[in-house]
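Below is entry.cif, holding mmCIF, C-alpha atoms.
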data_run
loop_
_atom_site.label_atom_id
_atom_site.label_comp_id
_atom_site.auth_asym_id
_atom_site.auth_seq_id
_atom_site.Cartn_x
_atom_site.Cartn_y
_atom_site.Cartn_z
CA MET A 1 -7.65 -5.96 16.49
CA ASN A 2 -4.45 -5.67 18.53
CA LYS A 3 -6.43 -4.37 21.48
CA TYR A 4 -8.94 -7.19 21.13
CA VAL A 5 -6.21 -9.83 21.25
CA ARG A 6 -4.46 -8.10 24.13
CA SER A 7 -7.74 -8.11 26.02
CA PHE A 8 -7.62 -11.90 26.19
CA ASN A 9 -3.99 -11.84 27.30
CA ASP A 10 -4.83 -9.34 30.03
CA GLU A 11 -7.86 -11.42 31.06
CA ARG A 12 -10.21 -8.48 30.53
CA GLU A 13 -13.68 -8.76 29.16
CA ALA A 14 -14.10 -7.85 25.49
CA GLY A 15 -16.73 -5.29 26.55
CA ASP A 16 -14.02 -3.31 28.40
CA LEU A 17 -12.15 -2.48 25.21
CA ASP A 18 -11.65 1.15 24.31
CA PHE A 19 -11.48 1.93 20.60
CA ASP A 20 -11.58 5.72 20.92
CA ASP A 21 -8.21 6.13 19.20
CA ILE A 22 -9.42 4.73 15.85
CA ASP A 23 -9.27 7.34 13.10
CA ARG A 24 -12.83 6.70 11.92
CA ASN A 25 -12.92 9.76 9.66
CA ARG A 26 -9.84 8.54 7.78
CA VAL A 27 -11.42 5.10 7.28
CA LYS A 28 -14.72 6.63 6.14
CA ALA A 29 -12.90 8.87 3.67
CA LEU A 30 -10.95 5.94 2.23
CA PHE A 31 -14.05 3.81 1.77
CA TYR A 32 -15.95 6.78 0.35
CA ASP A 33 -13.24 7.11 -2.33
CA VAL A 34 -13.50 3.40 -3.15
CA ILE A 35 -17.30 3.56 -3.42
CA ARG A 36 -17.14 6.77 -5.46
CA ASP A 37 -14.76 5.02 -7.89
CA ARG A 38 -17.19 2.05 -8.02
CA ARG A 39 -14.45 -0.30 -6.90
CA SER A 40 -14.77 -3.43 -4.79
CA VAL A 41 -11.05 -3.75 -4.04
CA LEU A 42 -8.80 -1.53 -1.94
CA LEU A 43 -5.41 -0.54 -3.29
CA GLY A 44 -2.50 -1.72 -1.16
CA SER A 45 -1.86 1.82 0.04
CA GLU A 46 -5.52 2.13 1.07
CA ALA A 47 -5.47 -1.18 2.95
CA ALA A 48 -2.32 -0.10 4.79
CA ALA A 49 -3.99 3.22 5.71
CA VAL A 50 -7.05 1.39 7.10
CA ALA A 51 -4.80 -0.90 9.14
CA GLU A 52 -2.90 2.11 10.46
CA ALA A 53 -6.14 3.88 11.38
CA TYR A 54 -7.06 0.85 13.50
CA GLY A 55 -3.64 0.71 15.14
CA ILE A 56 -2.55 -2.43 13.28
CA SER A 57 1.11 -2.49 12.32
CA ALA A 58 1.77 -2.81 8.61
CA ALA A 59 4.64 -1.99 6.30
CA PRO A 60 4.13 1.57 5.07
CA ILE A 61 2.88 1.86 1.49
CA LYS A 62 2.58 5.20 -0.26
CA LEU A 63 1.01 5.99 -3.63
CA ALA A 64 2.98 7.93 -6.25
CA THR A 65 1.45 9.30 -9.42
CA TYR A 66 4.64 10.41 -11.18
CA PRO A 67 8.31 9.31 -11.10
CA GLU A 68 9.70 12.14 -8.99
CA GLU A 69 7.02 11.59 -6.36
CA ALA A 70 8.07 7.92 -6.21
CA VAL A 71 11.68 9.05 -5.67
CA ASP A 72 10.61 11.41 -2.87
CA LEU A 73 8.59 8.65 -1.19
CA ALA A 74 11.45 6.15 -1.53
CA GLU A 75 13.80 8.60 0.15
CA GLU A 76 11.24 9.24 2.89
CA LEU A 77 10.73 5.50 3.52
CA GLY A 78 14.41 4.61 3.11
CA TYR A 79 16.05 2.28 0.63
CA PRO A 80 15.70 -0.45 -0.50
CA VAL A 81 12.12 -0.12 -1.74
CA VAL A 82 9.60 -2.05 -3.79
CA LEU A 83 7.40 -0.53 -6.51
CA LYS A 84 4.06 -2.10 -7.52
CA VAL A 85 1.44 -0.97 -9.97
CA ALA A 86 -1.68 0.28 -8.16
CA SER A 87 -4.84 -0.85 -9.93
CA PRO A 88 -7.82 -2.86 -8.72
CA LYS A 89 -8.03 -4.28 -12.25
CA ILE A 90 -4.58 -5.89 -12.01
CA MET A 91 -4.65 -8.69 -9.47
CA HIS A 92 -1.49 -10.50 -10.63
CA LYS A 93 0.93 -7.62 -10.87
CA THR A 94 4.00 -9.69 -11.75
CA ASP A 95 2.22 -11.11 -14.82
CA VAL A 96 2.25 -7.66 -16.42
CA GLY A 97 5.68 -6.55 -15.23
CA GLY A 98 4.10 -4.46 -12.51
CA VAL A 99 6.55 -5.15 -9.67
CA LYS A 100 10.16 -4.07 -9.14
CA ILE A 101 12.06 -5.04 -5.99
CA ALA A 102 15.30 -4.13 -4.22
CA LEU A 103 15.56 -0.62 -5.64
CA ASN A 104 18.41 1.23 -3.95
CA THR A 105 18.78 4.58 -5.70
CA ALA A 106 16.68 7.45 -6.99
CA ASP A 107 17.61 6.56 -10.59
CA GLN A 108 16.48 2.94 -10.08
CA VAL A 109 13.16 4.13 -8.64
CA ARG A 110 12.60 6.65 -11.42
CA ASN A 111 13.41 4.10 -14.15
CA ALA A 112 11.33 1.36 -12.48
CA PHE A 113 8.31 3.68 -12.26
CA ILE A 114 8.50 4.42 -15.98
CA GLU A 115 9.11 0.76 -16.89
CA ILE A 116 6.12 -0.45 -14.84
CA MET A 117 3.82 2.10 -16.47
CA GLU A 118 5.10 1.13 -19.93
CA ASN A 119 4.59 -2.58 -19.14
CA VAL A 120 1.01 -2.00 -18.06
CA GLN A 121 0.32 0.05 -21.18
CA ARG A 122 1.75 -2.73 -23.34
CA TYR A 123 -0.08 -5.65 -21.67
CA LEU A 124 -3.31 -3.92 -20.63
CA PRO A 125 -3.77 -0.81 -22.78
CA ASN A 126 -7.30 -0.16 -21.51
CA VAL A 127 -6.28 -0.09 -17.84
CA ILE A 128 -5.31 3.24 -16.32
CA PRO A 129 -3.44 2.63 -13.04
CA HIS A 130 -4.04 4.83 -10.01
CA GLY A 131 -0.27 5.13 -9.78
CA ILE A 132 2.62 3.16 -8.36
CA GLU A 133 2.81 2.01 -4.74
CA VAL A 134 6.13 2.56 -3.02
CA SER A 135 6.92 0.46 0.02
CA LYS A 136 9.93 -0.22 2.15
CA MET A 137 11.44 -3.59 1.29
CA MET A 138 11.11 -5.62 4.44
CA PRO A 139 13.81 -8.08 5.51
CA ARG A 140 13.24 -11.72 4.67
CA VAL A 141 11.98 -13.73 7.62
CA LEU A 142 12.98 -17.37 7.92
CA ASN A 143 10.62 -19.81 9.63
#
Would you encode the structure as structure tokens?
Amino acid sequence: MNKYVRSFNDEREAGDLDFDDIDRNRVKALFYDVIRDRRSVLLGSEAAAVAEAYGISAAPIKLATYPEEAVDLAEELGYPVVLKVASPKIMHKTDVGGVKIALNTADQVRNAFIEIMENVQRYLPNVIPHGIEVSKMMPRVLN
């Protein structure tokens, strides 16, 4: 998409675009997983991976399946981080206590992971999340 837009800025024809650097195998694998799971919605981490494969900038989002993995990802991404429940069956994550923001330490991440999973179990006991998405908390932008 970025290349397509740049093509108009560079006054090139759209037919001259080169999309050889797209990671098509990564995109196919992601969509295969979604189809295999009989889902119609991508997880946030999957959408970010598709964007990345196409060269579109997006805030990194990583999927953790246990608390210590969330801590490792938070440290890799850098604090502060945001945790969100990862489930295509939960569209309004805040309604079930599925979002925690401005986490600055490993203990906060670990505790938030556990709390989110407990909240989901309490509000939606039949839903089994794919995990918890960890993302770098981006600075607030004022218009």
Checklist entry - Could you pull the residues within 8 Å of Ile116 (chain A), counting all atoms listed in the file, minus those fewer than 6 positions along the same chain, as a ChimeraX atom specification? => result /A:84-85,97-100
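Picked by the PyMOL selection byres ((chain A and resi 27) around 12) from the coordinates shown: Ile22, Asp23, Arg24, Asn25, Arg26, Lys28, Ala29, Leu30, Phe31, Tyr32, Asp33, Val34, Leu42, Glu46, Ala47, Ala48, Ala49, Val50, Ala51, Glu52, Ala53, Tyr54 and Gly55 of chain A.
For the atom pair formed by CA of Thr105 (chain A) and CA of Pro139 (chain A), the distance is 17.6 Å, given to one decimal.
Considering the residues A:Ala64, A:Leu103, A:Val109, A:Ile90 and counting only C-alpha atoms, Gly131 (chain A) has its shortest atom-to-atom contact with A:Ala64.
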Next on the checklist: Would you pick out the contacts of Tyr123 (chain A) at 10 Å or less, using only C-alpha atoms, so that residues sharing its chain but fewer than 5 positions from it are not included, and give the list as number ranges by chain?
Outcome noted: A: 95-97, 118
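The space between CA of Leu43 (chain A) and CA of Ser57 (chain A) spans 17.0 Å.
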Item to check | Coordinates-based distance that separates CA of Lys93 (chain A) from CA of Arg122 (chain A) (Å, one decimal) | outcome: 13.4 Å
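A search radius of 9 Å centred on (-4.4, 3.3, -14.2), applied to all atoms listed in the file, returns the residues Val85, Ala86, Ser87, Pro88, Lys89, Met117, Val120, Asn126, Val127, Ile128, Pro129, His130 and Gly131 of chain A.
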Next on the checklist: Would you pick out the contacts of Gly78 (chain A) at 9 Å or less, using all atoms listed in the file, so that residues sharing its chain but fewer than 5 positions from it are not included, and give the list as a ChimeraX atom specification?
Outcome noted: /A:73,104,136-137
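Among the candidates A:Leu83, A:Ile35, A:Val141, A:Ser40, the residue lying nearest to Thr65 (chain A) is A:Leu83 (atoms considered: all atoms listed in the file).
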Next on the checklist: Here's the selection I'm unsure about, the PyMOL selection byres ((chain A and resi 69) around 12); applied to the file above, which residues does it give, as a ChimeraX atom specification?
Outcome noted: /A:62-68,70-76,106,109-110,113,131-134
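The nearest approach to Met138 (chain A) among the residues A:Gly44, A:Ala112, A:His92, A:Ala58, with all atoms listed in the file taken into account, belongs to A:Ala58.
Shortest separation to Pro80 (chain A) among A:Asn111, A:Thr94, A:Ser135, A:Gln121 occurs at residue A:Ser135, atoms counted being all atoms listed in the file.
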Export of region 92-139 of chain A: N, CA and C atoms, as a PDB file, in the first residue's frame:
ATOM      1  N   HIS A  92     -15.442  -6.575  22.102  1.00  0.00           N
ATOM      2  CA  HIS A  92     -15.349  -5.419  22.999  1.00  0.00           C
ATOM      3  C   HIS A  92     -14.569  -5.842  24.239  1.00  0.00           C
ATOM      4  N   LYS A  93     -13.268  -5.814  24.111  1.00  0.00           N
ATOM      5  CA  LYS A  93     -12.375  -6.355  25.125  1.00  0.00           C
ATOM      6  C   LYS A  93     -12.500  -5.652  26.476  1.00  0.00           C
ATOM      7  N   THR A  94     -12.721  -4.340  26.470  1.00  0.00           N
ATOM      8  CA  THR A  94     -12.822  -3.624  27.740  1.00  0.00           C
ATOM      9  C   THR A  94     -14.069  -4.030  28.517  1.00  0.00           C
ATOM     10  N   ASP A  95     -15.110  -4.467  27.832  1.00  0.00           N
ATOM     11  CA  ASP A  95     -16.347  -4.876  28.514  1.00  0.00           C
ATOM     12  C   ASP A  95     -16.150  -6.088  29.415  1.00  0.00           C
ATOM     13  N   VAL A  96     -15.142  -6.885  29.134  1.00  0.00           N
ATOM     14  CA  VAL A  96     -14.890  -8.084  29.947  1.00  0.00           C
ATOM     15  C   VAL A  96     -13.604  -7.964  30.768  1.00  0.00           C
ATOM     16  N   GLY A  97     -13.092  -6.751  30.885  1.00  0.00           N
ATOM     17  CA  GLY A  97     -11.847  -6.571  31.634  1.00  0.00           C
ATOM     18  C   GLY A  97     -10.654  -7.149  30.926  1.00  0.00           C
ATOM     19  N   GLY A  98     -10.688  -7.092  29.591  1.00  0.00           N
ATOM     20  CA  GLY A  98      -9.656  -7.728  28.786  1.00  0.00           C
ATOM     21  C   GLY A  98      -8.549  -6.825  28.308  1.00  0.00           C
ATOM     22  N   VAL A  99      -8.406  -5.624  28.880  1.00  0.00           N
ATOM     23  CA  VAL A  99      -7.365  -4.687  28.465  1.00  0.00           C
ATOM     24  C   VAL A  99      -6.710  -4.076  29.702  1.00  0.00           C
ATOM     25  N   LYS A 100      -5.390  -4.021  29.683  1.00  0.00           N
ATOM     26  CA  LYS A 100      -4.626  -3.355  30.744  1.00  0.00           C
ATOM     27  C   LYS A 100      -3.581  -2.477  30.062  1.00  0.00           C
ATOM     28  N   ILE A 101      -3.521  -1.211  30.462  1.00  0.00           N
ATOM     29  CA  ILE A 101      -2.614  -0.268  29.800  1.00  0.00           C
ATOM     30  C   ILE A 101      -1.558   0.254  30.773  1.00  0.00           C
ATOM     31  N   ALA A 102      -0.529   0.857  30.187  1.00  0.00           N
ATOM     32  CA  ALA A 102       0.529   1.549  30.922  1.00  0.00           C
ATOM     33  C   ALA A 102       1.211   0.640  31.953  1.00  0.00           C
ATOM     34  N   LEU A 103       1.541  -0.558  31.528  1.00  0.00           N
ATOM     35  CA  LEU A 103       2.243  -1.499  32.396  1.00  0.00           C
ATOM     36  C   LEU A 103       3.745  -1.248  32.264  1.00  0.00           C
ATOM     37  N   ASN A 104       4.404  -1.052  33.401  1.00  0.00           N
ATOM     38  CA  ASN A 104       5.800  -0.611  33.384  1.00  0.00           C
ATOM     39  C   ASN A 104       6.803  -1.580  33.978  1.00  0.00           C
ATOM     40  N   THR A 105       6.338  -2.693  34.536  1.00  0.00           N
ATOM     41  CA  THR A 105       7.268  -3.641  35.157  1.00  0.00           C
ATOM     42  C   THR A 105       6.854  -5.075  34.832  1.00  0.00           C
ATOM     43  N   ALA A 106       7.779  -5.980  35.043  1.00  0.00           N
ATOM     44  CA  ALA A 106       7.500  -7.399  34.821  1.00  0.00           C
ATOM     45  C   ALA A 106       6.374  -7.872  35.732  1.00  0.00           C
ATOM     46  N   ASP A 107       6.376  -7.441  36.991  1.00  0.00           N
ATOM     47  CA  ASP A 107       5.317  -7.847  37.920  1.00  0.00           C
ATOM     48  C   ASP A 107       3.956  -7.353  37.457  1.00  0.00           C
ATOM     49  N   GLN A 108       3.885  -6.106  36.965  1.00  0.00           N
ATOM     50  CA  GLN A 108       2.612  -5.577  36.469  1.00  0.00           C
ATOM     51  C   GLN A 108       2.120  -6.388  35.276  1.00  0.00           C
ATOM     52  N   VAL A 109       3.019  -6.751  34.378  1.00  0.00           N
ATOM     53  CA  VAL A 109       2.646  -7.542  33.199  1.00  0.00           C
ATOM     54  C   VAL A 109       2.155  -8.921  33.627  1.00  0.00           C
ATOM     55  N   ARG A 110       2.902  -9.567  34.486  1.00  0.00           N
ATOM     56  CA  ARG A 110       2.537 -10.904  34.971  1.00  0.00           C
ATOM     57  C   ARG A 110       1.150 -10.876  35.636  1.00  0.00           C
ATOM     58  N   ASN A 111       0.932  -9.923  36.536  1.00  0.00           N
ATOM     59  CA  ASN A 111      -0.344  -9.818  37.238  1.00  0.00           C
ATOM     60  C   ASN A 111      -1.487  -9.456  36.292  1.00  0.00           C
ATOM     61  N   ALA A 112      -1.218  -8.573  35.334  1.00  0.00           N
ATOM     62  CA  ALA A 112      -2.252  -8.177  34.368  1.00  0.00           C
ATOM     63  C   ALA A 112      -2.651  -9.361  33.494  1.00  0.00           C
ATOM     64  N   PHE A 113      -1.691 -10.166  33.083  1.00  0.00           N
ATOM     65  CA  PHE A 113      -1.985 -11.349  32.277  1.00  0.00           C
ATOM     66  C   PHE A 113      -2.963 -12.249  33.028  1.00  0.00           C
ATOM     67  N   ILE A 114      -2.632 -12.545  34.262  1.00  0.00           N
ATOM     68  CA  ILE A 114      -3.478 -13.426  35.075  1.00  0.00           C
ATOM     69  C   ILE A 114      -4.855 -12.804  35.291  1.00  0.00           C
ATOM     70  N   GLU A 115      -4.901 -11.518  35.599  1.00  0.00           N
ATOM     71  CA  GLU A 115      -6.182 -10.840  35.836  1.00  0.00           C
ATOM     72  C   GLU A 115      -7.064 -10.848  34.591  1.00  0.00           C
ATOM     73  N   ILE A 116      -6.486 -10.597  33.425  1.00  0.00           N
ATOM     74  CA  ILE A 116      -7.269 -10.618  32.186  1.00  0.00           C
ATOM     75  C   ILE A 116      -7.862 -12.004  31.961  1.00  0.00           C
ATOM     76  N   MET A 117      -7.048 -13.035  32.122  1.00  0.00           N
ATOM     77  CA  MET A 117      -7.548 -14.403  31.916  1.00  0.00           C
ATOM     78  C   MET A 117      -8.655 -14.741  32.919  1.00  0.00           C
ATOM     79  N   GLU A 118      -8.492 -14.309  34.154  1.00  0.00           N
ATOM     80  CA  GLU A 118      -9.537 -14.545  35.162  1.00  0.00           C
ATOM     81  C   GLU A 118     -10.822 -13.788  34.816  1.00  0.00           C
ATOM     82  N   ASN A 119     -10.682 -12.553  34.338  1.00  0.00           N
ATOM     83  CA  ASN A 119     -11.854 -11.758  33.939  1.00  0.00           C
ATOM     84  C   ASN A 119     -12.623 -12.436  32.813  1.00  0.00           C
ATOM     85  N   VAL A 120     -11.899 -12.908  31.818  1.00  0.00           N
ATOM     86  CA  VAL A 120     -12.554 -13.583  30.693  1.00  0.00           C
ATOM     87  C   VAL A 120     -13.271 -14.830  31.177  1.00  0.00           C
ATOM     88  N   GLN A 121     -12.619 -15.591  32.032  1.00  0.00           N
ATOM     89  CA  GLN A 121     -13.240 -16.813  32.565  1.00  0.00           C
ATOM     90  C   GLN A 121     -14.520 -16.484  33.328  1.00  0.00           C
ATOM     91  N   ARG A 122     -14.503 -15.382  34.077  1.00  0.00           N
ATOM     92  CA  ARG A 122     -15.660 -14.994  34.862  1.00  0.00           C
ATOM     93  C   ARG A 122     -16.819 -14.515  33.976  1.00  0.00           C
ATOM     94  N   TYR A 123     -16.529 -13.662  32.995  1.00  0.00           N
ATOM     95  CA  TYR A 123     -17.578 -13.081  32.155  1.00  0.00           C
ATOM     96  C   TYR A 123     -18.009 -13.977  31.001  1.00  0.00           C
ATOM     97  N   LEU A 124     -17.078 -14.728  30.444  1.00  0.00           N
ATOM     98  CA  LEU A 124     -17.355 -15.575  29.280  1.00  0.00           C
ATOM     99  C   LEU A 124     -16.730 -16.954  29.498  1.00  0.00           C
ATOM    100  N   PRO A 125     -17.298 -17.760  30.365  1.00  0.00           N
ATOM    101  CA  PRO A 125     -16.658 -19.031  30.728  1.00  0.00           C
ATOM    102  C   PRO A 125     -16.514 -20.025  29.584  1.00  0.00           C
ATOM    103  N   ASN A 126     -17.281 -19.873  28.523  1.00  0.00           N
ATOM    104  CA  ASN A 126     -17.185 -20.800  27.391  1.00  0.00           C
ATOM    105  C   ASN A 126     -16.174 -20.371  26.338  1.00  0.00           C
ATOM    106  N   VAL A 127     -15.568 -19.191  26.512  1.00  0.00           N
ATOM    107  CA  VAL A 127     -14.595 -18.688  25.545  1.00  0.00           C
ATOM    108  C   VAL A 127     -13.189 -19.028  26.022  1.00  0.00           C
ATOM    109  N   ILE A 128     -12.423 -19.642  25.142  1.00  0.00           N
ATOM    110  CA  ILE A 128     -11.021 -19.945  25.439  1.00  0.00           C
ATOM    111  C   ILE A 128     -10.167 -19.014  24.572  1.00  0.00           C
ATOM    112  N   PRO A 129      -9.535 -18.015  25.186  1.00  0.00           N
ATOM    113  CA  PRO A 129      -8.716 -17.072  24.411  1.00  0.00           C
ATOM    114  C   PRO A 129      -7.507 -17.763  23.778  1.00  0.00           C
ATOM    115  N   HIS A 130      -7.029 -17.177  22.696  1.00  0.00           N
ATOM    116  CA  HIS A 130      -5.802 -17.658  22.052  1.00  0.00           C
ATOM    117  C   HIS A 130      -4.587 -17.273  22.882  1.00  0.00           C
ATOM    118  N   GLY A 131      -4.760 -16.292  23.740  1.00  0.00           N
ATOM    119  CA  GLY A 131      -3.682 -15.805  24.582  1.00  0.00           C
ATOM    120  C   GLY A 131      -3.910 -14.340  24.884  1.00  0.00           C
ATOM    121  N   ILE A 132      -2.816 -13.660  25.167  1.00  0.00           N
ATOM    122  CA  ILE A 132      -2.851 -12.230  25.467  1.00  0.00           C
ATOM    123  C   ILE A 132      -1.891 -11.531  24.512  1.00  0.00           C
ATOM    124  N   GLU A 133      -2.370 -10.472  23.867  1.00  0.00           N
ATOM    125  CA  GLU A 133      -1.518  -9.700  22.966  1.00  0.00           C
ATOM    126  C   GLU A 133      -0.768  -8.639  23.769  1.00  0.00           C
ATOM    127  N   VAL A 134       0.526  -8.569  23.513  1.00  0.00           N
ATOM    128  CA  VAL A 134       1.393  -7.597  24.159  1.00  0.00           C
ATOM    129  C   VAL A 134       1.830  -6.608  23.100  1.00  0.00           C
ATOM    130  N   SER A 135       1.607  -5.329  23.362  1.00  0.00           N
ATOM    131  CA  SER A 135       2.045  -4.316  22.406  1.00  0.00           C
ATOM    132  C   SER A 135       2.681  -3.151  23.134  1.00  0.00           C
ATOM    133  N   LYS A 136       3.562  -2.493  22.449  1.00  0.00           N
ATOM    134  CA  LYS A 136       4.204  -1.308  22.986  1.00  0.00           C
ATOM    135  C   LYS A 136       3.150  -0.210  23.083  1.00  0.00           C
ATOM    136  N   MET A 137       3.094   0.461  24.215  1.00  0.00           N
ATOM    137  CA  MET A 137       2.151   1.560  24.373  1.00  0.00           C
ATOM    138  C   MET A 137       2.710   2.747  23.598  1.00  0.00           C
ATOM    139  N   MET A 138       1.929   3.186  22.627  1.00  0.00           N
ATOM    140  CA  MET A 138       2.382   4.264  21.757  1.00  0.00           C
ATOM    141  C   MET A 138       2.046   5.608  22.396  1.00  0.00           C
ATOM    142  N   PRO A 139       2.877   6.622  22.133  1.00  0.00           N
ATOM    143  CA  PRO A 139       2.587   7.937  22.714  1.00  0.00           C
ATOM    144  C   PRO A 139       1.295   8.509  22.168  1.00  0.00           C
TER     145      PRO A 139
END
